[in-house]
file protein.cif (mmCIF, C-alpha atoms)
data_query
#
loop_
_atom_site.label_atom_id
_atom_site.label_comp_id
_atom_site.auth_asym_id
_atom_site.auth_seq_id
_atom_site.Cartn_x
_atom_site.Cartn_y
_atom_site.Cartn_z
CA MET A 1 261.84 143.65 -104.23
CA ARG A 2 265.47 144.62 -103.75
CA ARG A 3 268.06 145.06 -106.47
CA PHE A 4 270.94 142.66 -106.09
CA GLY A 5 273.42 143.72 -108.77
CA ALA A 6 275.71 145.46 -106.29
CA LYS A 7 275.84 142.36 -104.13
CA LEU A 8 276.03 139.85 -106.95
CA LEU A 9 279.04 141.30 -108.75
CA PRO A 10 281.36 140.93 -105.73
CA LEU A 11 279.98 137.39 -105.36
CA LEU A 12 280.98 136.62 -108.94
CA MET A 13 284.48 137.99 -108.33
CA LEU A 14 284.78 135.93 -105.16
CA ALA A 15 283.76 132.79 -107.01
CA VAL A 16 286.39 133.40 -109.69
CA PHE A 17 288.94 133.72 -106.90
CA PHE A 18 287.87 130.37 -105.47
CA VAL A 19 288.13 128.71 -108.88
CA THR A 20 291.66 130.03 -109.30
CA THR A 21 292.82 129.06 -105.83
CA ALA A 22 291.16 125.64 -105.97
CA ALA A 23 292.86 124.84 -109.25
CA ALA A 24 296.19 126.03 -107.87
CA ALA A 25 295.72 123.86 -104.78
CA SER A 26 295.84 120.76 -106.90
CA GLY A 27 299.43 121.52 -107.82
CA THR A 28 301.05 121.15 -111.21
CA ALA A 29 299.64 118.97 -113.95
CA PRO A 30 299.94 115.22 -113.35
CA ALA A 31 302.86 113.33 -114.78
CA PRO A 32 302.37 111.79 -118.23
CA PRO A 33 300.15 108.72 -118.32
CA SER A 34 301.67 105.42 -117.34
CA PRO A 35 300.30 101.89 -117.41
CA HIS A 36 299.42 99.92 -114.34
CA GLN A 37 301.85 97.26 -113.28
CA GLN A 38 303.37 94.93 -115.91
CA GLY A 39 301.80 96.80 -118.81
CA LYS A 40 298.19 96.46 -117.62
CA LYS A 41 295.71 99.30 -117.86
CA TRP A 42 294.08 100.85 -114.83
CA ARG A 43 290.55 99.42 -114.59
CA ILE A 44 287.76 101.81 -113.62
CA GLY A 45 284.29 101.03 -112.20
CA TYR A 46 281.22 103.22 -111.78
CA CYS A 47 278.24 103.53 -109.43
CA GLU A 48 275.43 106.12 -109.20
CA SER A 49 272.59 106.80 -106.82
CA THR A 50 269.98 107.04 -109.57
CA ARG A 51 269.48 108.44 -113.07
CA PHE A 52 270.20 112.16 -112.86
CA VAL A 53 271.21 114.88 -115.29
CA ASN A 54 274.08 116.09 -113.09
CA TYR A 55 275.64 112.63 -112.98
CA ALA A 56 275.78 112.36 -116.77
CA GLU A 57 277.23 115.85 -116.99
CA HIS A 58 279.87 115.03 -114.37
CA LEU A 59 280.87 111.78 -116.10
CA TYR A 60 281.19 113.53 -119.45
CA ALA A 61 283.31 116.28 -117.88
CA LEU A 62 285.60 113.73 -116.21
CA VAL A 63 286.16 111.95 -119.52
CA ARG A 64 286.96 115.27 -121.18
CA GLY A 65 289.31 116.12 -118.31
CA LEU A 66 291.15 112.81 -118.51
CA THR A 67 291.41 113.25 -122.27
CA ALA A 68 292.81 116.78 -121.92
CA LEU A 69 295.44 115.46 -119.50
CA GLY A 70 296.48 112.73 -121.94
CA TRP A 71 295.15 109.79 -119.96
CA LEU A 72 292.39 108.98 -122.46
CA GLN A 73 292.37 109.09 -126.25
CA GLY A 74 289.71 109.06 -128.96
CA THR A 75 286.78 109.98 -126.71
CA GLU A 76 285.36 112.69 -129.00
CA GLN A 77 282.42 110.51 -130.06
CA LEU A 78 281.32 109.67 -126.51
CA PRO A 79 277.48 109.69 -126.71
CA TYR A 80 276.43 112.68 -124.63
CA THR A 81 273.82 115.39 -125.14
CA PRO A 82 273.45 118.22 -122.59
CA GLY A 83 270.47 117.54 -120.35
CA GLN A 84 270.50 113.76 -120.67
CA GLU A 85 270.14 111.55 -117.60
CA ASP A 86 271.44 108.23 -118.94
CA THR A 87 275.01 107.27 -118.09
CA ARG A 88 274.80 103.59 -119.02
CA ALA A 89 275.09 104.28 -122.75
CA MET A 90 278.14 106.44 -122.07
CA TRP A 91 279.71 103.71 -119.95
CA GLU A 92 279.00 101.02 -122.53
CA TRP A 93 280.65 103.16 -125.19
CA LEU A 94 283.73 103.71 -123.02
CA ALA A 95 283.94 100.00 -122.18
CA SER A 96 283.67 98.91 -125.82
CA HIS A 97 286.25 101.31 -127.26
CA ASN A 98 290.01 101.44 -126.97
CA VAL A 99 290.51 104.73 -125.18
CA GLY A 100 294.28 104.55 -124.92
CA PRO A 101 297.03 102.57 -123.17
CA SER A 102 296.47 103.88 -119.65
CA MET A 103 292.85 103.22 -118.63
CA GLU A 104 289.90 100.97 -119.41
CA PHE A 105 286.30 101.13 -118.21
CA ALA A 106 285.14 97.71 -117.04
CA ALA A 107 281.95 96.72 -118.88
CA THR A 108 280.60 94.69 -115.95
CA ALA A 109 281.50 97.30 -113.32
CA TYR A 110 278.58 99.66 -113.96
CA TYR A 111 276.24 99.82 -110.94
CA SER A 112 273.18 101.87 -110.06
CA TYR A 113 270.91 102.10 -107.01
CA ASP A 114 268.12 103.57 -109.13
CA GLY A 115 264.68 102.56 -107.83
CA THR A 116 266.07 100.13 -105.25
CA SER A 117 264.68 99.49 -101.77
CA GLN A 118 266.94 99.56 -98.73
CA THR A 119 267.12 95.77 -98.81
CA ALA A 120 268.14 95.81 -102.48
CA GLN A 121 270.66 98.56 -101.77
CA LYS A 122 272.30 96.38 -99.14
CA ARG A 123 272.50 93.44 -101.54
CA LYS A 124 274.05 95.57 -104.25
CA THR A 125 276.52 97.13 -101.83
CA ASP A 126 277.56 93.67 -100.64
CA GLU A 127 277.98 92.60 -104.28
CA ILE A 128 280.20 95.60 -105.08
CA THR A 129 282.24 95.17 -101.89
CA ARG A 130 282.83 91.46 -102.56
CA ARG A 131 284.07 92.24 -106.03
CA LEU A 132 286.43 94.94 -104.81
CA ASN A 133 287.75 92.67 -102.05
CA GLN A 134 287.85 89.27 -103.71
CA LYS A 135 288.01 89.65 -107.47
CA LYS A 136 290.31 92.66 -107.21
CA ASP A 137 289.81 93.58 -110.86
CA ILE A 138 288.91 97.23 -110.25
CA ASP A 139 291.54 99.83 -109.42
CA LEU A 140 289.23 102.79 -108.77
CA MET A 141 285.49 103.52 -108.49
CA ILE A 142 283.87 106.70 -109.82
CA VAL A 143 280.74 107.28 -107.73
CA MET A 144 277.94 109.79 -108.30
CA GLY A 145 275.60 111.06 -105.60
CA THR A 146 275.18 111.06 -101.84
CA VAL A 147 273.38 107.72 -101.52
CA ALA A 148 275.90 105.80 -103.63
CA GLY A 149 278.77 107.64 -101.95
CA LYS A 150 277.68 106.60 -98.46
CA LEU A 151 277.18 102.98 -99.52
CA VAL A 152 280.23 102.34 -101.69
CA ALA A 153 282.72 104.38 -99.65
CA ASN A 154 282.73 101.84 -96.84
CA ASP A 155 285.67 100.44 -94.89
CA ARG A 156 285.16 96.83 -95.99
CA HIS A 157 287.49 97.36 -98.96
CA ASN A 158 290.47 99.60 -99.79
CA VAL A 159 289.84 100.45 -103.46
CA PRO A 160 289.90 104.25 -104.06
CA VAL A 161 286.37 105.69 -104.28
CA MET A 162 286.03 109.12 -105.93
CA VAL A 163 282.65 110.69 -105.10
CA PHE A 164 281.11 113.47 -107.20
CA SER A 165 277.83 115.40 -107.25
CA THR A 166 277.02 115.36 -103.53
CA SER A 167 275.34 118.25 -101.75
CA ASN A 168 277.66 118.00 -98.74
CA ALA A 169 279.90 114.95 -98.38
CA VAL A 170 281.03 116.00 -94.89
CA ALA A 171 277.48 116.27 -93.56
CA ALA A 172 276.68 112.93 -95.20
CA GLY A 173 279.61 111.28 -93.42
CA ILE A 174 281.43 110.32 -96.62
CA VAL A 175 284.57 112.32 -95.80
CA LYS A 176 285.79 113.90 -92.58
CA ALA A 177 286.62 117.44 -93.74
CA VAL A 178 286.21 119.86 -96.63
CA GLU A 179 289.81 120.32 -97.71
CA LYS A 180 291.05 116.73 -97.38
CA SER A 181 289.11 113.52 -96.86
CA GLY A 182 290.96 112.09 -93.86
CA ARG A 183 290.41 108.63 -95.38
CA ASP A 184 292.97 106.58 -97.32
CA HIS A 185 290.57 105.27 -99.98
CA VAL A 186 287.77 107.87 -100.13
CA TRP A 187 287.71 111.30 -101.80
CA ALA A 188 284.78 113.62 -102.53
CA HIS A 189 284.45 116.82 -104.51
CA MET A 190 283.56 119.60 -102.11
CA TYR A 191 281.75 122.82 -103.02
CA PRO A 192 280.64 123.84 -99.53
CA ASN A 193 279.14 127.27 -100.25
CA ARG A 194 277.14 126.50 -103.39
CA PHE A 195 273.62 126.35 -101.92
CA LYS A 196 274.27 129.00 -99.29
CA ARG A 197 275.16 131.42 -102.08
CA GLN A 198 272.01 130.47 -103.98
CA ILE A 199 269.76 131.35 -101.06
CA GLU A 200 271.73 134.54 -100.33
CA VAL A 201 271.17 135.76 -103.89
CA PHE A 202 267.48 134.79 -103.69
CA HIS A 203 267.03 136.65 -100.40
CA ASP A 204 268.98 139.69 -101.64
CA THR A 205 266.59 139.84 -104.59
CA PHE A 206 263.23 139.30 -102.89
CA ALA A 207 263.78 139.89 -99.14
CA PHE A 208 261.27 137.14 -98.35
CA LYS A 209 260.05 136.40 -94.84
CA ARG A 210 258.68 132.87 -95.36
CA LEU A 211 260.60 130.44 -97.58
CA GLY A 212 258.97 127.23 -98.78
CA MET A 213 260.92 123.97 -99.23
CA VAL A 214 259.86 120.45 -100.21
CA TYR A 215 262.25 117.56 -99.58
CA GLU A 216 262.36 113.96 -98.43
CA ASP A 217 262.50 113.79 -94.63
CA SER A 218 265.51 111.46 -94.44
CA PRO A 219 269.26 111.98 -93.94
CA ALA A 220 269.85 111.78 -97.71
CA GLY A 221 266.87 114.03 -98.45
CA ARG A 222 267.97 116.67 -95.96
CA ALA A 223 271.52 116.57 -97.35
CA LEU A 224 270.30 116.91 -100.96
CA ALA A 225 268.11 119.85 -99.95
CA ALA A 226 271.12 121.57 -98.31
CA LEU A 227 268.90 121.98 -95.26
CA ASN A 228 271.76 122.88 -92.91
CA ASP A 229 272.74 125.79 -95.15
CA ALA A 230 269.14 126.97 -95.48
CA GLU A 231 268.50 126.82 -91.74
CA ALA A 232 271.76 128.60 -90.92
CA LEU A 233 270.94 131.44 -93.30
CA ALA A 234 267.36 131.59 -91.98
CA ARG A 235 268.73 132.17 -88.48
CA GLU A 236 271.19 134.77 -89.75
CA ARG A 237 268.71 136.72 -91.87
CA LYS A 238 265.62 136.20 -89.71
CA PHE A 239 263.32 134.45 -92.17
CA LYS A 240 261.23 131.35 -91.57
CA ILE A 241 261.36 128.04 -93.46
CA THR A 242 258.01 126.36 -94.10
CA ARG A 243 258.45 122.79 -95.27
CA SER A 244 256.62 119.81 -96.73
CA PHE A 245 257.89 116.27 -97.14
CA VAL A 246 257.62 114.06 -100.23
CA GLN A 247 259.42 110.74 -100.69
CA ASP A 248 262.04 110.70 -103.44
CA ASN A 249 262.72 107.92 -105.95
CA GLN A 250 259.13 106.68 -106.10
CA GLN A 251 258.29 104.08 -108.72
CA ASP A 252 254.75 105.42 -109.11
CA LYS A 253 255.38 108.72 -110.90
CA GLU A 254 251.71 109.72 -110.89
CA ARG A 255 251.60 109.37 -107.12
CA PHE A 256 254.81 111.39 -106.81
CA PHE A 257 253.35 114.13 -109.00
CA ASN A 258 250.14 114.28 -106.98
CA GLU A 259 252.08 114.47 -103.70
CA MET A 260 254.31 117.22 -105.05
CA LEU A 261 251.35 119.16 -106.39
CA ALA A 262 249.55 118.92 -103.04
CA ALA A 263 252.68 120.12 -101.25
CA HIS A 264 253.06 123.05 -103.65
CA ARG A 265 249.42 124.06 -103.32
CA LYS A 266 249.72 124.03 -99.55
CA LEU A 267 252.96 126.04 -99.50
CA ALA A 268 251.68 128.56 -102.06
CA GLY A 269 249.16 129.67 -99.44
CA GLU A 270 251.76 129.96 -96.68
CA VAL A 271 254.99 131.43 -98.09
CA ASP A 272 256.21 134.44 -100.06
CA ALA A 273 259.07 132.60 -101.85
CA MET A 274 259.82 129.01 -102.86
CA TYR A 275 263.18 127.19 -102.99
CA MET A 276 262.98 124.06 -105.17
CA THR A 277 265.32 121.31 -103.95
CA ILE A 278 266.86 118.41 -105.85
CA TYR A 279 264.85 115.21 -106.34
CA PRO A 280 267.20 113.16 -108.56
CA GLY A 281 265.29 109.88 -108.32
CA SER A 282 261.93 111.26 -109.36
CA ARG A 283 262.93 113.20 -112.50
CA LYS A 284 260.36 115.97 -112.29
CA PHE A 285 261.24 118.03 -115.41
CA ALA A 286 258.13 116.82 -117.24
CA MET A 287 256.02 117.72 -114.21
CA LEU A 288 257.42 121.21 -113.69
CA PRO A 289 255.02 123.36 -115.73
CA ALA A 290 252.04 122.01 -113.76
CA LEU A 291 253.91 122.06 -110.44
CA MET A 292 254.66 125.77 -110.90
CA GLU A 293 251.02 126.81 -111.37
CA PRO A 294 250.17 127.23 -107.64
CA PHE A 295 253.05 129.69 -107.30
CA TYR A 296 252.18 131.60 -110.47
CA ALA A 297 248.62 132.01 -109.17
CA LYS A 298 249.89 133.51 -105.89
CA LYS A 299 252.65 135.62 -107.56
CA ILE A 300 255.37 133.76 -105.65
CA PRO A 301 258.96 133.66 -107.03
CA VAL A 302 260.50 130.20 -107.36
CA PHE A 303 264.27 129.75 -107.09
CA THR A 304 265.71 126.32 -107.87
CA GLN A 305 268.86 124.42 -106.96
CA LEU A 306 269.01 122.90 -110.45
CA LYS A 307 269.50 125.28 -113.39
CA GLY A 308 267.70 122.96 -115.83
CA GLU A 309 264.41 123.59 -114.01
CA VAL A 310 264.43 127.26 -115.02
CA GLN A 311 263.93 126.22 -118.63
CA PHE A 312 260.68 124.51 -117.65
CA GLY A 313 259.11 127.12 -115.42
CA ALA A 314 261.13 128.09 -112.34
CA LEU A 315 262.01 131.77 -112.18
CA MET A 316 265.72 131.72 -111.43
CA SER A 317 268.79 129.72 -110.40
CA VAL A 318 272.44 130.27 -109.61
CA ALA A 319 274.32 127.17 -110.69
CA ASP A 320 277.72 126.00 -111.92
CA ALA A 321 278.83 127.75 -115.11
CA ASP A 322 279.82 124.41 -116.60
CA PHE A 323 281.37 121.15 -115.52
CA MET A 324 284.63 121.37 -117.45
CA GLY A 325 286.50 122.91 -114.52
CA ILE A 326 285.43 120.17 -112.12
CA GLY A 327 286.17 117.67 -114.91
CA LEU A 328 289.81 118.71 -114.96
CA PHE A 329 290.01 118.98 -111.17
CA GLY A 330 288.40 115.57 -110.72
CA ALA A 331 290.59 114.02 -113.41
CA GLU A 332 293.70 115.23 -111.60
CA ALA A 333 292.41 113.72 -108.35
CA ILE A 334 291.67 110.38 -110.08
CA ILE A 335 295.16 110.25 -111.57
CA ALA A 336 296.79 111.14 -108.26
CA ALA A 337 294.78 108.45 -106.45
CA LEU A 338 295.76 105.80 -108.98
CA LYS A 339 299.44 106.73 -108.81
CA SER A 340 299.74 107.08 -105.05
CA GLY A 341 297.16 104.52 -103.93
CA SER A 342 295.90 106.99 -101.31
CA THR A 343 293.29 109.73 -101.28
CA ARG A 344 293.92 111.03 -97.77
CA ASN A 345 295.86 114.17 -98.70
CA LEU A 346 294.33 115.06 -102.06
CA PRO A 347 292.62 118.48 -102.26
CA GLN A 348 288.83 118.24 -102.50
CA ARG A 349 287.57 121.82 -102.74
CA TYR A 350 286.67 123.21 -106.16
CA GLU A 351 284.14 126.02 -106.52
CA SER A 352 282.81 126.98 -109.94
CA THR A 353 281.95 130.44 -111.24
CA PRO A 354 278.23 131.17 -110.66
CA TYR A 355 275.97 130.86 -113.68
CA ILE A 356 272.81 132.99 -113.51
CA VAL A 357 269.71 131.57 -115.22
CA LEU A 358 266.42 133.47 -115.58
CA ASN A 359 263.04 132.75 -117.18
CA LEU A 360 261.21 135.85 -118.43
CA GLU A 361 257.85 134.15 -118.98
CA ALA A 362 257.89 132.89 -115.38
CA ALA A 363 258.72 136.46 -114.32
CA ARG A 364 255.72 137.81 -116.23
CA LYS A 365 253.43 135.24 -114.66
CA ILE A 366 254.23 136.51 -111.16
CA GLY A 367 254.32 140.18 -112.13
CA TYR A 368 258.07 140.55 -111.63
CA ARG A 369 260.07 142.89 -113.87
CA PRO A 370 263.78 141.99 -113.56
CA PRO A 371 265.86 145.15 -113.18
CA PHE A 372 268.58 145.92 -115.69
CA ASP A 373 271.42 144.75 -113.45
CA ILE A 374 269.93 141.25 -113.23
CA LEU A 375 269.49 141.09 -117.01
CA LEU A 376 273.06 142.33 -117.41
CA VAL A 377 274.68 139.61 -115.29
CA ALA A 378 272.39 136.71 -116.31
CA ASP A 379 274.30 134.08 -118.30
CA ARG A 380 271.22 132.39 -119.74
CA ILE A 381 267.80 133.94 -120.25
CA TYR A 382 264.82 131.85 -121.33
CA ARG A 383 262.08 133.96 -122.90
CA THR A 384 259.42 131.25 -122.70
CA ILE A 385 258.57 128.27 -120.51
CA GLU A 386 259.48 125.21 -122.50
CA ARG A 387 257.80 121.79 -122.38
CA PRO A 388 260.07 118.81 -121.69
#

call {"tool": "encode", "arguments": {"input": "protein.cif", "output": "structure tokens"}}
result
Amino acid sequence: MRRFGAKLLPLLMLAVFFVTTAAAASGTAPAPPSPHQQGKKWRIGYCESTRFVNYAEHLYALVRGLTALGWLQGTEQLPYTPGQEDTRAMWEWLASHNVGPSMEFAATAYYSYDGTSQTAQKRKTDEITRRLNQKKDIDLMIVMGTVAGKLVANDRHNVPVMVFSTSNAVAAGIVKAVEKSGRDHVWAHMYPNRFKRQIEVFHDTFAFKRLGMVYEDSPAGRALAALNDAEALARERKFKITRSFVQDNQQDKERFFNEMLAAHRKLAGEVDAMYMTIYPGSRKFAMLPALMEPFYAKKIPVFTQLKGEVQFGALMSVADADFMGIGLFGAEAIIAALKSGSTRNLPQRYESTPYIVLNLEAARKIGYRPPFDILLVADRIYRTIERP
């Protein structure tokens, strides 16, 4: 197993550089808040792909960002606990409180595609599009996730759609380019090197030859898994990806667990490292301790895209340090879109400082002793595997 401290420290410095330049790219702070036309407040709607911890964290960060910029007031009691998945309670709180003279969150404009079939997704998309076109009571939509982004950011309306928490909005077809969207009413936060850096750090640490991945074999599933990044790095570094497919967003959680466990047992006999990808619709935190057992038994390190999974049994992750930076960046983009009515030329790239998470009990289970340089740079170290 190779030591990666020498390679990781320059990576951290590079990430800080990107944070600084991305923030500078957004220009100076937005002008002071102003009402809509004729004294009306800007009305905001919301849509998410499913219930997911990252979406709640993003929404909270955006509210804090808008508050810091003076566009919201009195949001300190917004109901949010780190690690929660529910955004509806947050939205209901925002809609029922006076949060200042500039913006209001429409109580009836909260939408979710959670657990919906393709037919139901089409109906909901048609419903949202009709409202944006005909009722015209929403000035901007905050959208979370790749699925919701692809569906709501359509050309059948011209209401600004601000998309957050996507693996790669360009690959998903939501926007045309990384730096600027190329669309007048669609914007998406871009962090193009996030997953590539994760796998680079993982490979620098363990020099694996066969990497396991489980994901849904669909356009959305491949995008969430950052498959293009993984395959590009596999070609560059000469390792092989061994994959299994499991459908995301299943209503039958027991069936999902059994399918995931079968996939993990199979891969544990075929790979020397495992890269856990995001399954937002299936909420597998409670399943993680059992899902890790096949890899513990074979002494296989497990790296995960989602830092919260390290707490419950994965070995390691490199994730965003926090969401406050993207909260401010996204808040600036929202304000600029409301003021100008166009998203075409707004900067989209914002890259956060890496946040290293390590689980020592998981390390012991696979016989791995983290070298001092890893312990030195780790931002969060869990000493035990916790139960959700």

call {"tool": "closest_residue", "arguments": {"input": "protein.cif", "among": "A:Lys284, A:Lys365, A:Arg156, A:Arg349", "to": "Arg387 (chain A)", "atoms": "only C-alpha atoms"}}
result
A:Lys284

call {"tool": "residues_near_point", "arguments": {"input": "protein.cif", "point": "(262.0, 128.6, -115.2)", "cutoff": "10 Å", "atoms": "only C-alpha atoms", "output": "ChimeraX atom specification"}}
result
/A:288-289,292,302-304,307-317,357-363,381-386

call {"tool": "residues_near_point", "arguments": {"input": "protein.cif", "point": "(278.1, 115.5, -91.7)", "cutoff": "12 Å", "atoms": "only C-alpha atoms", "output": "list in words"}}
result
Thr146, Lys150, Thr166, Ser167, Asn168, Ala169, Val170, Ala171, Ala172, Gly173, Ile174, Val175, Lys176, Ala177, Val178, Pro192, Pro219, Ala220, Arg222, Ala223, Ala226, Leu227 and Asn228 of chain A

call {"tool": "closest_atom_pairs", "arguments": {"input": "protein.cif", "of": "region 120-184 of chain A", "to": "region 37-59 of chain A", "cutoff": "9 Å", "atoms": "all atoms listed in the file", "output": "tab-separated table"}}
result
residue	atom	partner	partner_atom	distance
A:Asp137	CA	A:Arg43	CA	7.0
A:Ile138	CA	A:Arg43	CA	5.1
A:Asp139	CA	A:Arg43	CA	5.3
A:Leu140	CA	A:Ile44	CA	5.2
A:Met141	CA	A:Gly45	CA	4.6
A:Ile142	CA	A:Tyr46	CA	4.8
A:Val143	CA	A:Cys47	CA	4.8
A:Met144	CA	A:Glu48	CA	4.5
A:Gly145	CA	A:Ser49	CA	5.4
A:Thr146	CA	A:Ser49	CA	7.0
A:Val147	CA	A:Ser49	CA	5.4
A:Ala148	CA	A:Ser49	CA	4.7
A:Gly149	CA	A:Ser49	CA	7.9
A:Val152	CA	A:Cys47	CA	8.1
A:Phe164	CA	A:His58	CA	7.4
A:Ser165	CA	A:Tyr55	CA	6.7

call {"tool": "resolve_selection", "arguments": {"input": "protein.cif", "expression": "the PyMOL selection byres ((chain A and resi 99) around 7)", "output": "list in words"}}
result
Leu72, Gln73, Gly74, Thr75, His97, Asn98, Gly100 and Glu104 of chain A

call {"tool": "atom_distance", "arguments": {"input": "protein.cif", "atom1": "CA of Pro370 (chain A)", "atom2": "CA of His203 (chain A)"}}
result
14.6 Å
